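Asker: This is entry09.cif (mmCIF, C-alpha atoms and all ligand atoms).
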```
data_upload
loop_
_atom_site.group_PDB
_atom_site.id
_atom_site.type_symbol
_atom_site.label_atom_id
_atom_site.label_comp_id
_atom_site.auth_asym_id
_atom_site.auth_seq_id
_atom_site.Cartn_x
_atom_site.Cartn_y
_atom_site.Cartn_z
ATOM 1 C CA MET A 1100 -18.511 -66.274 111.607
ATOM 2 C CA LYS A 1101 -21.851 -65.260 110.151
ATOM 3 C CA GLU A 1102 -23.339 -64.809 106.729
ATOM 4 C CA ILE A 1103 -25.237 -61.862 105.356
ATOM 5 C CA ILE A 1104 -27.742 -62.606 102.626
ATOM 6 C CA LEU A 1105 -28.243 -59.797 100.137
ATOM 7 C CA SER A 1106 -31.308 -60.111 97.976
ATOM 8 C CA THR A 1107 -32.798 -58.059 95.170
ATOM 9 C CA VAL A 1108 -36.437 -57.911 94.200
ATOM 10 C CA VAL A 1109 -36.996 -57.499 90.469
ATOM 11 C CA LYS A 1110 -40.482 -57.350 88.979
ATOM 12 C CA VAL A 1111 -40.614 -58.926 85.540
ATOM 13 C CA CYS A 1112 -43.344 -57.903 83.128
ATOM 14 C CA SER A 1113 -44.088 -57.289 79.483
ATOM 15 C CA TYR A 1114 -44.077 -53.802 77.996
ATOM 16 C CA GLU A 1115 -47.888 -53.971 77.826
ATOM 17 C CA GLU A 1116 -48.073 -54.668 81.543
ATOM 18 C CA LEU A 1117 -46.200 -51.477 82.474
ATOM 19 C CA SER A 1118 -48.270 -48.733 84.094
ATOM 20 C CA PRO A 1119 -49.061 -45.740 81.829
ATOM 21 C CA ALA A 1120 -46.461 -43.634 83.647
ATOM 22 C CA ASP A 1121 -43.765 -46.301 83.342
ATOM 23 C CA ARG A 1122 -44.659 -46.859 79.699
ATOM 24 C CA GLN A 1123 -44.397 -43.135 78.978
ATOM 25 C CA LEU A 1124 -40.930 -43.003 80.543
ATOM 26 C CA THR A 1125 -39.884 -46.181 78.745
ATOM 27 C CA ASP A 1126 -41.092 -44.816 75.410
ATOM 28 C CA ALA A 1127 -39.016 -41.686 76.012
ATOM 29 C CA ALA A 1128 -35.927 -43.877 76.599
ATOM 30 C CA ARG A 1129 -36.692 -45.925 73.484
ATOM 31 C CA GLU A 1130 -36.924 -42.749 71.411
ATOM 32 C CA ALA A 1131 -33.755 -41.361 72.990
ATOM 33 C CA ALA A 1132 -31.861 -44.496 71.913
ATOM 34 C CA LYS A 1133 -32.516 -43.481 68.310
ATOM 35 C CA LYS A 1134 -30.562 -40.254 68.922
ATOM 36 C CA SER A 1135 -27.517 -42.030 70.330
ATOM 37 C CA TYR A 1136 -24.082 -41.423 68.818
ATOM 38 C CA ALA A 1137 -22.511 -44.881 68.781
ATOM 39 C CA PRO A 1138 -20.545 -45.339 65.554
ATOM 40 C CA TYR A 1139 -18.015 -47.649 67.264
ATOM 41 C CA SER A 1140 -20.124 -50.104 69.229
ATOM 42 C CA LEU A 1141 -23.276 -49.731 67.098
ATOM 43 C CA PHE A 1142 -25.075 -50.221 70.400
ATOM 44 C CA ASN A 1143 -27.559 -47.408 70.918
ATOM 45 C CA VAL A 1144 -28.726 -46.753 74.434
ATOM 46 C CA GLY A 1145 -31.381 -44.299 75.585
ATOM 47 C CA ALA A 1146 -32.281 -43.199 79.090
ATOM 48 C CA ALA A 1147 -35.141 -41.093 80.406
ATOM 49 C CA VAL A 1148 -35.630 -39.744 83.903
ATOM 50 C CA ARG A 1149 -38.751 -38.387 85.506
ATOM 51 C CA LEU A 1150 -37.983 -35.460 87.779
ATOM 52 C CA ASP A 1151 -39.890 -34.346 90.821
ATOM 53 C CA GLY A 1152 -42.849 -32.440 89.340
ATOM 54 C CA GLY A 1153 -43.164 -34.764 86.369
ATOM 55 C CA GLU A 1154 -40.791 -33.375 83.752
ATOM 56 C CA ILE A 1155 -39.059 -36.026 81.655
ATOM 57 C CA VAL A 1156 -35.446 -35.529 80.584
ATOM 58 C CA CYS A 1157 -33.713 -37.841 78.085
ATOM 59 C CA GLY A 1158 -30.234 -38.700 76.895
ATOM 60 C CA SER A 1159 -28.269 -41.287 74.970
ATOM 61 C CA ASN A 1160 -24.780 -42.738 74.819
ATOM 62 C CA GLN A 1161 -22.218 -40.494 73.171
ATOM 63 C CA GLU A 1162 -19.124 -42.268 71.893
ATOM 64 C CA ASN A 1163 -15.737 -40.943 70.879
ATOM 65 C CA ALA A 1164 -12.804 -42.137 68.741
ATOM 66 C CA ALA A 1165 -10.831 -41.952 71.978
ATOM 67 C CA TYR A 1166 -13.096 -44.603 73.507
ATOM 68 C CA PRO A 1167 -12.935 -43.671 77.227
ATOM 69 C CA SER A 1168 -13.994 -40.113 76.374
ATOM 70 C CA GLY A 1169 -17.465 -41.341 75.489
ATOM 71 C CA LEU A 1170 -20.280 -41.554 78.006
ATOM 72 C CA CYS A 1171 -23.172 -43.938 78.678
ATOM 73 C CA ALA A 1172 -26.781 -42.901 78.219
ATOM 74 C CA GLU A 1173 -27.558 -43.018 81.936
ATOM 75 C CA ARG A 1174 -24.772 -40.672 82.951
ATOM 76 C CA THR A 1175 -25.383 -38.334 80.009
ATOM 77 C CA THR A 1176 -28.991 -38.066 81.164
ATOM 78 C CA LEU A 1177 -28.378 -37.768 84.892
ATOM 79 C CA PHE A 1178 -25.641 -35.167 84.446
ATOM 80 C CA TRP A 1179 -27.819 -33.178 82.069
ATOM 81 C CA ALA A 1180 -30.723 -33.372 84.523
ATOM 82 C CA GLY A 1181 -28.446 -32.330 87.372
ATOM 83 C CA ALA A 1182 -27.009 -29.448 85.366
ATOM 84 C CA GLN A 1183 -30.402 -28.128 84.258
ATOM 85 C CA HIS A 1184 -32.470 -28.917 87.346
ATOM 86 C CA PRO A 1185 -30.070 -29.038 90.304
ATOM 87 C CA ASP A 1186 -32.899 -28.868 92.842
ATOM 88 C CA LYS A 1187 -35.112 -31.599 91.444
ATOM 89 C CA ALA A 1188 -34.996 -35.174 92.661
ATOM 90 C CA VAL A 1189 -35.031 -37.974 90.120
ATOM 91 C CA GLU A 1190 -38.092 -40.122 90.740
ATOM 92 C CA ALA A 1191 -37.553 -42.758 88.085
ATOM 93 C CA ILE A 1192 -35.230 -43.804 85.283
ATOM 94 C CA ALA A 1193 -35.962 -45.958 82.251
ATOM 95 C CA ILE A 1194 -33.257 -47.464 80.045
ATOM 96 C CA ALA A 1195 -33.636 -48.990 76.585
ATOM 97 C CA ALA A 1196 -31.211 -50.113 73.891
ATOM 98 C CA ARG A 1197 -31.040 -51.154 70.263
ATOM 99 C CA ASP A 1198 -28.418 -52.703 68.036
ATOM 100 C CA LYS A 1199 -28.231 -53.406 64.300
ATOM 101 C CA ASP A 1200 -31.218 -55.785 64.619
ATOM 102 C CA GLY A 1201 -33.450 -53.261 66.378
ATOM 103 C CA GLU A 1202 -34.491 -53.147 70.027
ATOM 104 C CA ILE A 1203 -32.726 -55.646 72.237
ATOM 105 C CA GLU A 1204 -34.867 -58.397 73.725
ATOM 106 C CA LYS A 1205 -33.279 -58.640 77.161
ATOM 107 C CA PRO A 1206 -33.651 -55.745 79.614
ATOM 108 C CA ILE A 1207 -30.561 -53.558 79.443
ATOM 109 C CA SER A 1208 -28.684 -53.201 82.699
ATOM 110 C CA PRO A 1209 -26.697 -50.096 83.643
ATOM 111 C CA CYS A 1210 -22.919 -50.479 83.926
ATOM 112 C CA GLY A 1211 -21.157 -50.159 87.258
ATOM 113 C CA ALA A 1212 -20.074 -46.541 86.729
ATOM 114 C CA CYS A 1213 -23.645 -45.536 85.887
ATOM 115 C CA ARG A 1214 -24.952 -47.341 88.962
ATOM 116 C CA GLN A 1215 -22.508 -45.343 91.044
ATOM 117 C CA VAL A 1216 -23.828 -42.092 89.549
ATOM 118 C CA MET A 1217 -27.425 -43.247 90.050
ATOM 119 C CA LEU A 1218 -26.612 -43.920 93.703
ATOM 120 C CA GLU A 1219 -25.075 -40.466 94.126
ATOM 121 C CA THR A 1220 -28.224 -38.887 92.644
ATOM 122 C CA GLU A 1221 -30.410 -40.828 95.052
ATOM 123 C CA MET A 1222 -28.310 -39.856 98.043
ATOM 124 C CA ARG A 1223 -28.176 -36.229 96.937
ATOM 125 C CA PHE A 1224 -31.966 -36.047 97.055
ATOM 126 C CA ASP A 1225 -32.456 -38.711 99.694
ATOM 127 C CA ARG A 1226 -34.822 -40.573 97.420
ATOM 128 C CA PRO A 1227 -34.407 -43.974 95.783
ATOM 129 C CA MET A 1228 -35.384 -43.979 92.120
ATOM 130 C CA ARG A 1229 -37.700 -46.403 90.422
ATOM 131 C CA ILE A 1230 -35.665 -48.233 87.775
ATOM 132 C CA ILE A 1231 -37.251 -49.584 84.606
ATOM 133 C CA LEU A 1232 -35.041 -51.727 82.387
ATOM 134 C CA TYR A 1233 -36.627 -52.226 78.985
ATOM 135 C CA GLY A 1234 -36.304 -55.258 76.735
ATOM 136 C CA SER A 1235 -38.649 -55.959 73.854
ATOM 137 C CA ARG A 1236 -39.326 -59.445 75.279
ATOM 138 C CA GLU A 1237 -39.635 -58.404 78.920
ATOM 139 C CA CYS A 1238 -38.994 -55.506 81.265
ATOM 140 C CA TYR A 1239 -37.562 -55.372 84.771
ATOM 141 C CA ILE A 1240 -38.796 -52.968 87.425
ATOM 142 C CA ILE A 1241 -36.667 -52.344 90.492
ATOM 143 C CA LYS A 1242 -38.653 -50.382 93.017
ATOM 144 C CA GLY A 1243 -36.087 -50.089 95.774
ATOM 145 C CA GLY A 1244 -33.534 -47.991 93.930
ATOM 146 C CA THR A 1245 -29.887 -48.465 93.024
ATOM 147 C CA LYS A 1246 -28.952 -50.208 96.274
ATOM 148 C CA GLU A 1247 -30.904 -53.176 94.923
ATOM 149 C CA LEU A 1248 -28.592 -53.276 91.916
ATOM 150 C CA MET A 1249 -25.443 -52.458 93.821
ATOM 151 C CA PRO A 1250 -25.360 -53.709 97.399
ATOM 152 C CA LEU A 1251 -22.347 -52.972 99.605
ATOM 153 C CA SER A 1252 -21.769 -49.843 97.575
ATOM 154 C CA PHE A 1253 -19.373 -47.012 98.302
ATOM 155 C CA SER A 1254 -20.995 -43.688 99.068
ATOM 156 C CA SER A 1255 -20.393 -40.403 100.862
ATOM 157 C CA ASP A 1256 -21.364 -42.179 104.097
ATOM 158 C CA PHE A 1257 -17.788 -43.452 104.271
ATOM 159 C CA LEU A 1258 -16.355 -39.962 103.931
ATOM 160 C CA LYS A 1259 -18.010 -38.634 107.076
HETATM 161 N N1 LIG B 1301 -23.771 -48.186 77.328
HETATM 162 C C1 LIG B 1301 -24.697 -47.329 77.845
HETATM 163 O O1 LIG B 1301 -24.923 -46.230 77.342
HETATM 164 N N2 LIG B 1301 -25.376 -47.727 78.936
HETATM 165 C C2 LIG B 1301 -25.256 -48.958 79.515
HETATM 166 O O2 LIG B 1301 -25.934 -49.232 80.489
HETATM 167 C C3 LIG B 1301 -24.320 -49.938 78.972
HETATM 168 C C4 LIG B 1301 -23.453 -49.474 77.871
HETATM 169 C C5 LIG B 1301 -23.065 -47.755 76.114
HETATM 170 C C6 LIG B 1301 -21.615 -47.448 76.269
HETATM 171 C C7 LIG B 1301 -21.122 -47.653 74.866
HETATM 172 O O3 LIG B 1301 -21.358 -46.472 74.118
HETATM 173 C C8 LIG B 1301 -22.009 -48.757 74.323
HETATM 174 O O4 LIG B 1301 -23.157 -48.779 75.145
HETATM 175 C C9 LIG B 1301 -21.376 -50.134 74.305
HETATM 176 O O5 LIG B 1301 -20.845 -50.445 75.535
#
```
For the file at hand, write its structure as structure tokens.

Answerer:
Amino acid sequence: MKEIILSTVVKVCSYEELSPADRQLTDAAREAAKKSYAPYSLFNVGAAVRLDGGEIVCGSNQENAAYPSGLCAERTTLFWAGAQHPDKAVEAIAIAARDKDGEIEKPISPCGACRQVMLETEMRFDRPMRIILYGSRECYIIKGGTKELMPLSFSSDFLK
């Protein structure tokens, strides 16, 4: 028997320490959170992606009285980006959230379903995305893409 060690490298920094490009994307996600429709959870999430060429596209979580019909900010954004710009790779994604007390302190982490969609986007364009998780106290940067957040993942590789 043998063991496999799976490790993830996460850079931790303050908002002020983000590069100008990362800060711009993060600010777009923070603004997008304000446009969220979340009357049930009162948890407002915003996402922003930078596409190949530099354009930034944003989205937010959209809830529904029939709860499962709602969608997270990350998937709203990635599906919108894919629908509008089907030929453009996603270079980076930033995610931010707020609740009744304002912006959350801990970096927000994408749910499993969103990670799966992030992985599909990366594989579609054969490019891992830079992931910036915003918290007002600290931010996480994951340079290696979604595989860092979701090792041993299922992808189209298994369908070949
Ligand atoms: N949510 C997101 O939009 N993104 C995440 O990464 C986690 C959760 C949304 C879904 C739901 O509208 C609310 O936050 C509470 O779960």

Asker: Any idea what the distance is between atom N2 of ligand LIG 1301 (chain B) and CA of Lys1110 (chain A)?

Answerer: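 Atom-to-atom, atom N2 of ligand LIG 1301 (chain B) to CA of Lys1110 (chain A), that is 20.5 Å.
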
Asker: Calculate, to one decimal in Å, the centre and edge lengths of the box along x, y and z of the file that holds all listed atoms of ligand LIG 1301 (chain B) with 5 Å of margin on each side, and present them as JSON.

Answerer:
```
{"center_x": -23.4, "center_y": -48.3, "center_z": 77.3, "size_x": 15.1, "size_y": 14.2, "size_z": 16.4}
```

Asker: Pick out the closest residue to Phe1178 (chain A) from this set: A:Val1156, A:Ala1191, A:Met1249, A:Leu1117. Count all atoms listed in the file.

Answerer: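 The answer is A:Val1156, which sits nearest to Phe1178 (chain A).
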
Asker: Might you pull out every residue within 10 Å of Asn1163 (chain A), with only C-alpha atoms counted and same-chain residues fewer than 4 positions away left off, and present them as a compact mmCIF listing (two decimals) with C-alpha atoms, keeping the file's coordinate frame?

Answerer:
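Final output, result_25.txt:
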```
# COMPACT_ATOMS: atom_id res chain seq x y z
CA TYR A 1136 -24.08 -41.42 68.82
CA ALA A 1137 -22.51 -44.88 68.78
CA PRO A 1138 -20.54 -45.34 65.55
CA TYR A 1139 -18.02 -47.65 67.26
CA PRO A 1167 -12.94 -43.67 77.23
CA SER A 1168 -13.99 -40.11 76.37
CA GLY A 1169 -17.46 -41.34 75.49
CA LEU A 1170 -20.28 -41.55 78.01
```

Asker: Run the PyMOL selection byres (((not hetatm)) within 12 of (chain B and resi 1301)) mentally over the shown coordinates, then write out the matched residues as a VMD selection string, using the chain letters and numbers from the document.

Answerer: chain A and resid 1128 1131 to 1132 1134 to 1147 1158 to 1177 1192 to 1198 1206 to 1217 1232 to 1233

Asker: Could those selected residues go to a file with C-alpha atoms, as a compact mmCIF listing (two decimals), in the frame of the given file?

Answerer:
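Contents of again.txt, freshly written:
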```
# COMPACT_ATOMS: atom_id res chain seq x y z
CA ALA A 1128 -35.93 -43.88 76.60
CA ALA A 1131 -33.76 -41.36 72.99
CA ALA A 1132 -31.86 -44.50 71.91
CA LYS A 1134 -30.56 -40.25 68.92
CA SER A 1135 -27.52 -42.03 70.33
CA TYR A 1136 -24.08 -41.42 68.82
CA ALA A 1137 -22.51 -44.88 68.78
CA PRO A 1138 -20.54 -45.34 65.55
CA TYR A 1139 -18.02 -47.65 67.26
CA SER A 1140 -20.12 -50.10 69.23
CA LEU A 1141 -23.28 -49.73 67.10
CA PHE A 1142 -25.08 -50.22 70.40
CA ASN A 1143 -27.56 -47.41 70.92
CA VAL A 1144 -28.73 -46.75 74.43
CA GLY A 1145 -31.38 -44.30 75.58
CA ALA A 1146 -32.28 -43.20 79.09
CA ALA A 1147 -35.14 -41.09 80.41
CA GLY A 1158 -30.23 -38.70 76.90
CA SER A 1159 -28.27 -41.29 74.97
CA ASN A 1160 -24.78 -42.74 74.82
CA GLN A 1161 -22.22 -40.49 73.17
CA GLU A 1162 -19.12 -42.27 71.89
CA ASN A 1163 -15.74 -40.94 70.88
CA ALA A 1164 -12.80 -42.14 68.74
CA ALA A 1165 -10.83 -41.95 71.98
CA TYR A 1166 -13.10 -44.60 73.51
CA PRO A 1167 -12.94 -43.67 77.23
CA SER A 1168 -13.99 -40.11 76.37
CA GLY A 1169 -17.46 -41.34 75.49
CA LEU A 1170 -20.28 -41.55 78.01
CA CYS A 1171 -23.17 -43.94 78.68
CA ALA A 1172 -26.78 -42.90 78.22
CA GLU A 1173 -27.56 -43.02 81.94
CA ARG A 1174 -24.77 -40.67 82.95
CA THR A 1175 -25.38 -38.33 80.01
CA THR A 1176 -28.99 -38.07 81.16
CA LEU A 1177 -28.38 -37.77 84.89
CA ILE A 1192 -35.23 -43.80 85.28
CA ALA A 1193 -35.96 -45.96 82.25
CA ILE A 1194 -33.26 -47.46 80.04
CA ALA A 1195 -33.64 -48.99 76.58
CA ALA A 1196 -31.21 -50.11 73.89
CA ARG A 1197 -31.04 -51.15 70.26
CA ASP A 1198 -28.42 -52.70 68.04
CA PRO A 1206 -33.65 -55.74 79.61
CA ILE A 1207 -30.56 -53.56 79.44
CA SER A 1208 -28.68 -53.20 82.70
CA PRO A 1209 -26.70 -50.10 83.64
CA CYS A 1210 -22.92 -50.48 83.93
CA GLY A 1211 -21.16 -50.16 87.26
CA ALA A 1212 -20.07 -46.54 86.73
CA CYS A 1213 -23.64 -45.54 85.89
CA ARG A 1214 -24.95 -47.34 88.96
CA GLN A 1215 -22.51 -45.34 91.04
CA VAL A 1216 -23.83 -42.09 89.55
CA MET A 1217 -27.42 -43.25 90.05
CA LEU A 1232 -35.04 -51.73 82.39
CA TYR A 1233 -36.63 -52.23 78.98
```

Asker: Please report the interatomic distance between CA of Ile1230 (chain A) and CA of Ser1255 (chain A) in Å with one decimal.

Answerer: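 Atom-to-atom, CA of Ile1230 (chain A) to CA of Ser1255 (chain A), that is 21.6 Å.
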
Asker: Go ahead and find all residues with at least one atom no further than 8 Å from (-29.4, -47.8, 94.7) in the file's coordinates, using all atoms listed in the file; report them as number ranges by chain.

Answerer: A: 1214, 1217-1218, 1221, 1227-1228, 1243-1250
